[in-house]
Amino acid sequence: MNVLRILFGLLAIGAGSTTLALLCLAYARLPRVLAVPVATAVGSGATWALASGVAAFVGPGPVALVAVVQLAGAGTFVAAVVWLTLLVTYRSYLLSRSLVLLCSAPPAATALLLAVPATRWLVLEADGSRAVWGPVLWTHAIASSMVMVAVVVTLLSVAASTVPGQRPLVLRALALMAPAAVSWTFFLACGRPQALATLTAALLGLALGTWPVVTLRRPGLVQLPITVSRLLAEVEDGVVVLDESGRILVSNAAARAMLSPTMSTWTTFADARLGSVPEPGTARQVRTATGRVVELLADRLDQPGRAPTVVVAARDITELATVREHLQDVASRDAMTGVRNRRYLESRLPALVEQARGRFPLSVVMLDVDRFKHVNDAHGHAVGDRVIVGIAEEANACLPAGAELVRMGGDEFAAVLPGMDLDAARRAAARTAARCAQLQFATRAASLSVTVSVGVHQLEPWMSAEELLSAADEALYAVKHARREAVPHPSPPPPTSAPSPVVPPDPMSRRGPGRHR
């Protein structure tokens, strides 16, 4: 056994020295995120191999000093492997100062016990020409073995979830450590003979020394594997996987950021205003409690022997929705006056009629500028445009909240008044007509004032949107006909209060209407 121990010692010294030399060559090729933990693991493993090789040639006296180096190397190696495992599994957020102190405290305490002669027997006991492990060193060995088993199981699960192109690389990295793991198992099972301990260190040193050589042919060994968890973490779209009961099986960070930070079931998203789970094969848009617009696309995964699941993909389309809303708003407005156009009214009024039917009154006011053709013929189309803009601004300012003014074309406008019956609508129309009649528009000759005619009609149960507009239009032309019969050329009523506002002649002063002038 002494011969084997010496041979294994020489092998350990050679492996440790070679590993340290190769590490210096391979370090520059490591990516930044892996450089420090890999260098720590390889360097500490090589240190352990060197110390084990030296321990094969020294007696029980100085072996305690060598054991300190062994403990430091082995403890640091295990800590570095745990560090790498957290990086590979994308749990680097668990790395902290507390974890570093937790990993470094046992080796430091053991080294302190070795330095004090009275407590050295807890770590090593002299037995003739060799040193026998004490309870502390034995506890170290068991604890480190359990940690390494957990690491191997974790890495095997990572290999199973790694994309096929990178799966062999993870398995090769584990295969390099397999001989040392087998030797360590026999070491613990056979009463901890020193020869097997030295062999384990030598095999570990050879594996770590082989790793830099293998990376020259397989550069993927120095890259983090692409796992399903990494794909979910890196993808910008949200992904939520649910079972049939709505319980969330897995979700990525993007989904939690878009939908809700706390996720257990879809029903917990009630505060996020997501509604029910989308039907498989369908898509819908929702606006979350934070104001973001999210598109949800659902699909169902049904395979024989597997529980049916629903996958919901979520994409933040807030910016796209804002652009769409802006374009729709621009398309629904009259370019000159800024009020809504006829296309908007034709798409909006039918739905409003259906909402109002039997629930609340709905009235429509039609407004038309009197003798507008004469304004264009006498003063030019530039003045006519200013008249249209001024009437639109004044009418929009007079309308109550919730009403919408629509330019039907030319000098004709329509106002939709939800919640107002016929009498209230007539009062609002009369007030609007009076305010418009007080407007004065500057021209080259003199100031110009115009009057407007209004027609009002309330929605009746049997009416459609087209019939309501037609009835209001007939009411308008009935008023215009009556006014023409009574006064062929009506004069605008005199102002009743403050001096009338004069609209400036600058055609560039057209602006969108608002509720307050």
# chains A, B, ... in the order shown; residues from 1 in each chain; ligands from 1
call {"tool": "residues_around", "arguments": {"residues": "Ser144 of chain A", "least_positions_apart": "2", "cutoff": "12 Å", "atoms": "only C-alpha atoms", "output": "PDB file with N, CA and C atoms, in the first residue's frame"}}
result
ATOM      1  N   LEU A  71      -7.380  20.865   3.210  1.00  0.00           N
ATOM      2  CA  LEU A  71      -8.714  21.325   3.584  1.00  0.00           C
ATOM      3  C   LEU A  71      -9.083  22.616   2.851  1.00  0.00           C
ATOM      4  N   ALA A  74      -9.749  21.589  -0.821  1.00  0.00           N
ATOM      5  CA  ALA A  74     -10.986  20.832  -1.004  1.00  0.00           C
ATOM      6  C   ALA A  74     -12.211  21.692  -0.715  1.00  0.00           C
ATOM      7  N   GLY A  75     -12.153  22.460   0.375  1.00  0.00           N
ATOM      8  CA  GLY A  75     -13.296  23.307   0.705  1.00  0.00           C
ATOM      9  C   GLY A  75     -13.559  24.364  -0.351  1.00  0.00           C
ATOM     10  N   THR A  76     -12.483  24.981  -0.837  1.00  0.00           N
ATOM     11  CA  THR A  76     -12.647  25.989  -1.885  1.00  0.00           C
ATOM     12  C   THR A  76     -13.156  25.372  -3.177  1.00  0.00           C
ATOM     13  N   PHE A  77     -12.697  24.146  -3.485  1.00  0.00           N
ATOM     14  CA  PHE A  77     -13.168  23.463  -4.690  1.00  0.00           C
ATOM     15  C   PHE A  77     -14.676  23.213  -4.626  1.00  0.00           C
ATOM     16  N   VAL A  78     -15.153  22.704  -3.495  1.00  0.00           N
ATOM     17  CA  VAL A  78     -16.587  22.446  -3.350  1.00  0.00           C
ATOM     18  C   VAL A  78     -17.375  23.755  -3.463  1.00  0.00           C
ATOM     19  N   ALA A  79     -16.890  24.814  -2.822  1.00  0.00           N
ATOM     20  CA  ALA A  79     -17.590  26.101  -2.895  1.00  0.00           C
ATOM     21  C   ALA A  79     -17.619  26.628  -4.327  1.00  0.00           C
ATOM     22  N   VAL A  81     -17.488  24.836  -7.086  1.00  0.00           N
ATOM     23  CA  VAL A  81     -18.404  24.012  -7.876  1.00  0.00           C
ATOM     24  C   VAL A  81     -19.852  24.416  -7.615  1.00  0.00           C
ATOM     25  N   VAL A  82     -20.180  24.709  -6.370  1.00  0.00           N
ATOM     26  CA  VAL A  82     -21.530  25.210  -6.056  1.00  0.00           C
ATOM     27  C   VAL A  82     -21.775  26.532  -6.767  1.00  0.00           C
ATOM     28  N   CYS A 103     -19.667  28.955   3.288  1.00  0.00           N
ATOM     29  CA  CYS A 103     -18.783  27.965   2.671  1.00  0.00           C
ATOM     30  C   CYS A 103     -17.356  28.021   3.238  1.00  0.00           C
ATOM     31  N   PRO A 106     -16.423  26.457   7.658  1.00  0.00           N
ATOM     32  CA  PRO A 106     -15.927  25.123   8.099  1.00  0.00           C
ATOM     33  C   PRO A 106     -14.444  24.897   7.848  1.00  0.00           C
ATOM     34  N   PRO A 107     -13.915  25.184   6.631  1.00  0.00           N
ATOM     35  CA  PRO A 107     -12.459  24.994   6.463  1.00  0.00           C
ATOM     36  C   PRO A 107     -11.637  25.872   7.392  1.00  0.00           C
ATOM     37  N   LEU A 137     -12.745  15.935  10.387  1.00  0.00           N
ATOM     38  CA  LEU A 137     -12.407  15.680   8.989  1.00  0.00           C
ATOM     39  C   LEU A 137     -13.407  14.714   8.363  1.00  0.00           C
ATOM     40  N   TRP A 138     -13.840  13.755   9.159  1.00  0.00           N
ATOM     41  CA  TRP A 138     -14.843  12.817   8.657  1.00  0.00           C
ATOM     42  C   TRP A 138     -16.163  13.546   8.345  1.00  0.00           C
ATOM     43  N   THR A 139     -16.565  14.465   9.226  1.00  0.00           N
ATOM     44  CA  THR A 139     -17.786  15.255   8.983  1.00  0.00           C
ATOM     45  C   THR A 139     -17.645  16.091   7.722  1.00  0.00           C
ATOM     46  N   HIS A 140     -16.443  16.658   7.536  1.00  0.00           N
ATOM     47  CA  HIS A 140     -16.174  17.418   6.310  1.00  0.00           C
ATOM     48  C   HIS A 140     -16.376  16.546   5.073  1.00  0.00           C
ATOM     49  N   ALA A 141     -15.856  15.354   5.129  1.00  0.00           N
ATOM     50  CA  ALA A 141     -15.925  14.467   3.972  1.00  0.00           C
ATOM     51  C   ALA A 141     -17.372  14.116   3.638  1.00  0.00           C
ATOM     52  N   ILE A 142     -18.157  13.786   4.676  1.00  0.00           N
ATOM     53  CA  ILE A 142     -19.558  13.422   4.440  1.00  0.00           C
ATOM     54  C   ILE A 142     -20.341  14.614   3.896  1.00  0.00           C
ATOM     55  N   MET A 146     -22.139  14.949   0.202  1.00  0.00           N
ATOM     56  CA  MET A 146     -23.567  15.219   0.004  1.00  0.00           C
ATOM     57  C   MET A 146     -23.771  16.430  -0.916  1.00  0.00           C
ATOM     58  N   VAL A 147     -22.945  17.452  -0.723  1.00  0.00           N
ATOM     59  CA  VAL A 147     -23.052  18.640  -1.586  1.00  0.00           C
ATOM     60  C   VAL A 147     -22.741  18.277  -3.035  1.00  0.00           C
ATOM     61  N   MET A 148     -21.693  17.468  -3.228  1.00  0.00           N
ATOM     62  CA  MET A 148     -21.318  17.103  -4.595  1.00  0.00           C
ATOM     63  C   MET A 148     -22.375  16.208  -5.247  1.00  0.00           C
ATOM     64  N   VAL A 149     -23.017  15.339  -4.459  1.00  0.00           N
ATOM     65  CA  VAL A 149     -24.114  14.541  -5.019  1.00  0.00           C
ATOM     66  C   VAL A 149     -25.246  15.452  -5.482  1.00  0.00           C
ATOM     67  N   ALA A 150     -25.587  16.446  -4.655  1.00  0.00           N
ATOM     68  CA  ALA A 150     -26.633  17.396  -5.049  1.00  0.00           C
ATOM     69  C   ALA A 150     -26.230  18.156  -6.312  1.00  0.00           C
ATOM     70  N   VAL A 151     -24.937  18.497  -6.411  1.00  0.00           N
ATOM     71  CA  VAL A 151     -24.459  19.208  -7.602  1.00  0.00           C
ATOM     72  C   VAL A 151     -24.594  18.326  -8.841  1.00  0.00           C
ATOM     73  N   ALA A 181     -14.922  10.694  -8.700  1.00  0.00           N
ATOM     74  CA  ALA A 181     -16.082  10.408  -7.858  1.00  0.00           C
ATOM     75  C   ALA A 181     -16.119   8.930  -7.468  1.00  0.00           C
ATOM     76  N   TRP A 184     -13.410   8.297  -4.855  1.00  0.00           N
ATOM     77  CA  TRP A 184     -13.808   8.856  -3.557  1.00  0.00           C
ATOM     78  C   TRP A 184     -14.848   7.958  -2.874  1.00  0.00           C
TER      79      TRP A 184
END
call {"tool": "select_by_dssp", "arguments": {"residues": "segment 239-479 of chain A", "states": "alpha helix (DSSP H)", "output": "PyMOL selection string"}}
result
chain A and resi 253-258+318-331+342-356+372-379+381-398+422-437+465-479
call {"tool": "closest_residue", "arguments": {"among": "A:Val312, A:Leu327, A:Ala160, A:Ala207", "to": "Val42 of chain A", "atoms": "only C-alpha atoms"}}
result
A:Ala207
call {"tool": "residues_around", "arguments": {"residues": "Ala475 of chain A", "least_positions_apart": "4", "cutoff": "10 Å", "atoms": "only C-alpha atoms", "output": "PDB file with all heavy atoms, in the first residue's frame"}}
result
ATOM      1  N   VAL A 365     -78.421  66.516 -32.616  1.00  0.00           N
ATOM      2  CA  VAL A 365     -78.651  67.884 -33.083  1.00  0.00           C
ATOM      3  C   VAL A 365     -77.930  68.066 -34.405  1.00  0.00           C
ATOM      4  O   VAL A 365     -76.736  67.788 -34.502  1.00  0.00           O
ATOM      5  CB  VAL A 365     -78.138  68.919 -32.051  1.00  0.00           C
ATOM      6  CG1 VAL A 365     -78.286  70.337 -32.602  1.00  0.00           C
ATOM      7  CG2 VAL A 365     -78.877  68.782 -30.735  1.00  0.00           C
ATOM      8  N   MET A 366     -78.662  68.512 -35.417  1.00  0.00           N
ATOM      9  CA  MET A 366     -78.060  68.862 -36.708  1.00  0.00           C
ATOM     10  C   MET A 366     -77.944  70.377 -36.777  1.00  0.00           C
ATOM     11  O   MET A 366     -78.898  71.105 -36.447  1.00  0.00           O
ATOM     12  CB  MET A 366     -78.911  68.341 -37.861  1.00  0.00           C
ATOM     13  CG  MET A 366     -79.084  66.835 -37.871  1.00  0.00           C
ATOM     14  SD  MET A 366     -77.535  65.939 -38.121  1.00  0.00           S
ATOM     15  CE  MET A 366     -77.171  66.375 -39.809  1.00  0.00           C
ATOM     16  N   SER A 453     -78.811  77.343 -38.172  1.00  0.00           N
ATOM     17  CA  SER A 453     -80.088  76.680 -37.923  1.00  0.00           C
ATOM     18  C   SER A 453     -79.816  75.326 -37.300  1.00  0.00           C
ATOM     19  O   SER A 453     -78.814  74.672 -37.612  1.00  0.00           O
ATOM     20  CB  SER A 453     -80.861  76.501 -39.234  1.00  0.00           C
ATOM     21  OG  SER A 453     -81.175  77.756 -39.796  1.00  0.00           O
ATOM     22  N   VAL A 454     -80.687  74.915 -36.400  1.00  0.00           N
ATOM     23  CA  VAL A 454     -80.505  73.643 -35.710  1.00  0.00           C
ATOM     24  C   VAL A 454     -81.785  72.834 -35.804  1.00  0.00           C
ATOM     25  O   VAL A 454     -82.899  73.374 -35.810  1.00  0.00           O
ATOM     26  CB  VAL A 454     -80.124  73.851 -34.227  1.00  0.00           C
ATOM     27  CG1 VAL A 454     -78.747  74.470 -34.096  1.00  0.00           C
ATOM     28  CG2 VAL A 454     -81.154  74.704 -33.518  1.00  0.00           C
ATOM     29  N   GLY A 455     -81.598  71.521 -35.907  1.00  0.00           N
ATOM     30  CA  GLY A 455     -82.711  70.576 -35.856  1.00  0.00           C
ATOM     31  C   GLY A 455     -82.406  69.500 -34.846  1.00  0.00           C
ATOM     32  O   GLY A 455     -81.276  68.984 -34.801  1.00  0.00           O
ATOM     33  N   VAL A 456     -83.390  69.140 -34.032  1.00  0.00           N
ATOM     34  CA  VAL A 456     -83.176  68.214 -32.918  1.00  0.00           C
ATOM     35  C   VAL A 456     -84.175  67.077 -33.018  1.00  0.00           C
ATOM     36  O   VAL A 456     -85.359  67.289 -33.360  1.00  0.00           O
ATOM     37  CB  VAL A 456     -83.322  68.927 -31.560  1.00  0.00           C
ATOM     38  CG1 VAL A 456     -82.958  67.988 -30.423  1.00  0.00           C
ATOM     39  CG2 VAL A 456     -82.489  70.188 -31.521  1.00  0.00           C
ATOM     40  N   HIS A 457     -83.686  65.850 -32.694  1.00  0.00           N
ATOM     41  CA  HIS A 457     -84.591  64.715 -32.616  1.00  0.00           C
ATOM     42  C   HIS A 457     -84.044  63.720 -31.597  1.00  0.00           C
ATOM     43  O   HIS A 457     -82.844  63.533 -31.487  1.00  0.00           O
ATOM     44  CB  HIS A 457     -84.756  64.024 -33.973  1.00  0.00           C
ATOM     45  CG  HIS A 457     -86.056  63.284 -34.089  1.00  0.00           C
ATOM     46  ND1 HIS A 457     -86.276  62.070 -33.491  1.00  0.00           N
ATOM     47  CD2 HIS A 457     -87.217  63.599 -34.729  1.00  0.00           C
ATOM     48  CE1 HIS A 457     -87.503  61.646 -33.759  1.00  0.00           C
ATOM     49  NE2 HIS A 457     -88.100  62.574 -34.508  1.00  0.00           N
ATOM     50  N   LEU A 469     -80.541  59.875 -37.547  1.00  0.00           N
ATOM     51  CA  LEU A 469     -79.879  60.964 -38.271  1.00  0.00           C
ATOM     52  C   LEU A 469     -80.822  61.589 -39.287  1.00  0.00           C
ATOM     53  O   LEU A 469     -80.865  62.816 -39.448  1.00  0.00           O
ATOM     54  CB  LEU A 469     -78.624  60.432 -38.971  1.00  0.00           C
ATOM     55  CG  LEU A 469     -77.382  60.233 -38.116  1.00  0.00           C
ATOM     56  CD1 LEU A 469     -76.255  59.633 -38.949  1.00  0.00           C
ATOM     57  CD2 LEU A 469     -76.924  61.554 -37.503  1.00  0.00           C
ATOM     58  N   SER A 470     -81.556  60.759 -39.985  1.00  0.00           N
ATOM     59  CA  SER A 470     -82.484  61.276 -40.990  1.00  0.00           C
ATOM     60  C   SER A 470     -83.554  62.136 -40.357  1.00  0.00           C
ATOM     61  O   SER A 470     -83.928  63.199 -40.901  1.00  0.00           O
ATOM     62  CB  SER A 470     -83.106  60.108 -41.748  1.00  0.00           C
ATOM     63  OG  SER A 470     -84.029  60.583 -42.716  1.00  0.00           O
ATOM     64  N   ALA A 471     -84.071  61.726 -39.186  1.00  0.00           N
ATOM     65  CA  ALA A 471     -85.105  62.513 -38.509  1.00  0.00           C
ATOM     66  C   ALA A 471     -84.551  63.855 -38.054  1.00  0.00           C
ATOM     67  O   ALA A 471     -85.226  64.901 -38.170  1.00  0.00           O
ATOM     68  CB  ALA A 471     -85.643  61.730 -37.324  1.00  0.00           C
ATOM     69  N   VAL A 479     -86.750  73.625 -39.933  1.00  0.00           N
ATOM     70  CA  VAL A 479     -86.450  74.916 -39.316  1.00  0.00           C
ATOM     71  C   VAL A 479     -85.945  75.910 -40.352  1.00  0.00           C
ATOM     72  O   VAL A 479     -86.361  77.086 -40.384  1.00  0.00           O
ATOM     73  CB  VAL A 479     -85.409  74.725 -38.179  1.00  0.00           C
ATOM     74  CG1 VAL A 479     -84.901  76.074 -37.686  1.00  0.00           C
ATOM     75  CG2 VAL A 479     -86.010  73.930 -37.031  1.00  0.00           C
ATOM     76  N   LYS A 480     -85.049  75.467 -41.245  1.00  0.00           N
ATOM     77  CA  LYS A 480     -84.516  76.369 -42.274  1.00  0.00           C
ATOM     78  C   LYS A 480     -85.633  76.827 -43.213  1.00  0.00           C
ATOM     79  O   LYS A 480     -85.682  78.008 -43.608  1.00  0.00           O
ATOM     80  CB  LYS A 480     -83.411  75.655 -43.065  1.00  0.00           C
ATOM     81  CG  LYS A 480     -82.151  75.394 -42.261  1.00  0.00           C
ATOM     82  CD  LYS A 480     -81.095  74.690 -43.072  1.00  0.00           C
ATOM     83  CE  LYS A 480     -80.473  75.634 -44.090  1.00  0.00           C
ATOM     84  NZ  LYS A 480     -79.637  76.670 -43.477  1.00  0.00           N
ATOM     85  N   HIS A 481     -86.536  75.917 -43.554  1.00  0.00           N
ATOM     86  CA  HIS A 481     -87.627  76.306 -44.439  1.00  0.00           C
ATOM     87  C   HIS A 481     -88.540  77.316 -43.763  1.00  0.00           C
ATOM     88  O   HIS A 481     -88.971  78.312 -44.379  1.00  0.00           O
ATOM     89  CB  HIS A 481     -88.426  75.062 -44.837  1.00  0.00           C
ATOM     90  CG  HIS A 481     -89.589  75.361 -45.729  1.00  0.00           C
ATOM     91  ND1 HIS A 481     -89.455  75.727 -47.056  1.00  0.00           N
ATOM     92  CD2 HIS A 481     -90.947  75.374 -45.465  1.00  0.00           C
ATOM     93  CE1 HIS A 481     -90.642  75.954 -47.572  1.00  0.00           C
ATOM     94  NE2 HIS A 481     -91.584  75.732 -46.625  1.00  0.00           N
TER      95      HIS A 481
END
call {"tool": "residues_around", "arguments": {"residues": "Ala415 of chain A", "least_positions_apart": "5", "cutoff": "12 Å", "atoms": "only C-alpha atoms", "output": "number ranges by chain"}}
result
A: 339-342, 345, 349, 362-368, 392, 395-408, 420, 425-426, 428-429, 432, 454-458, 469, 472-473
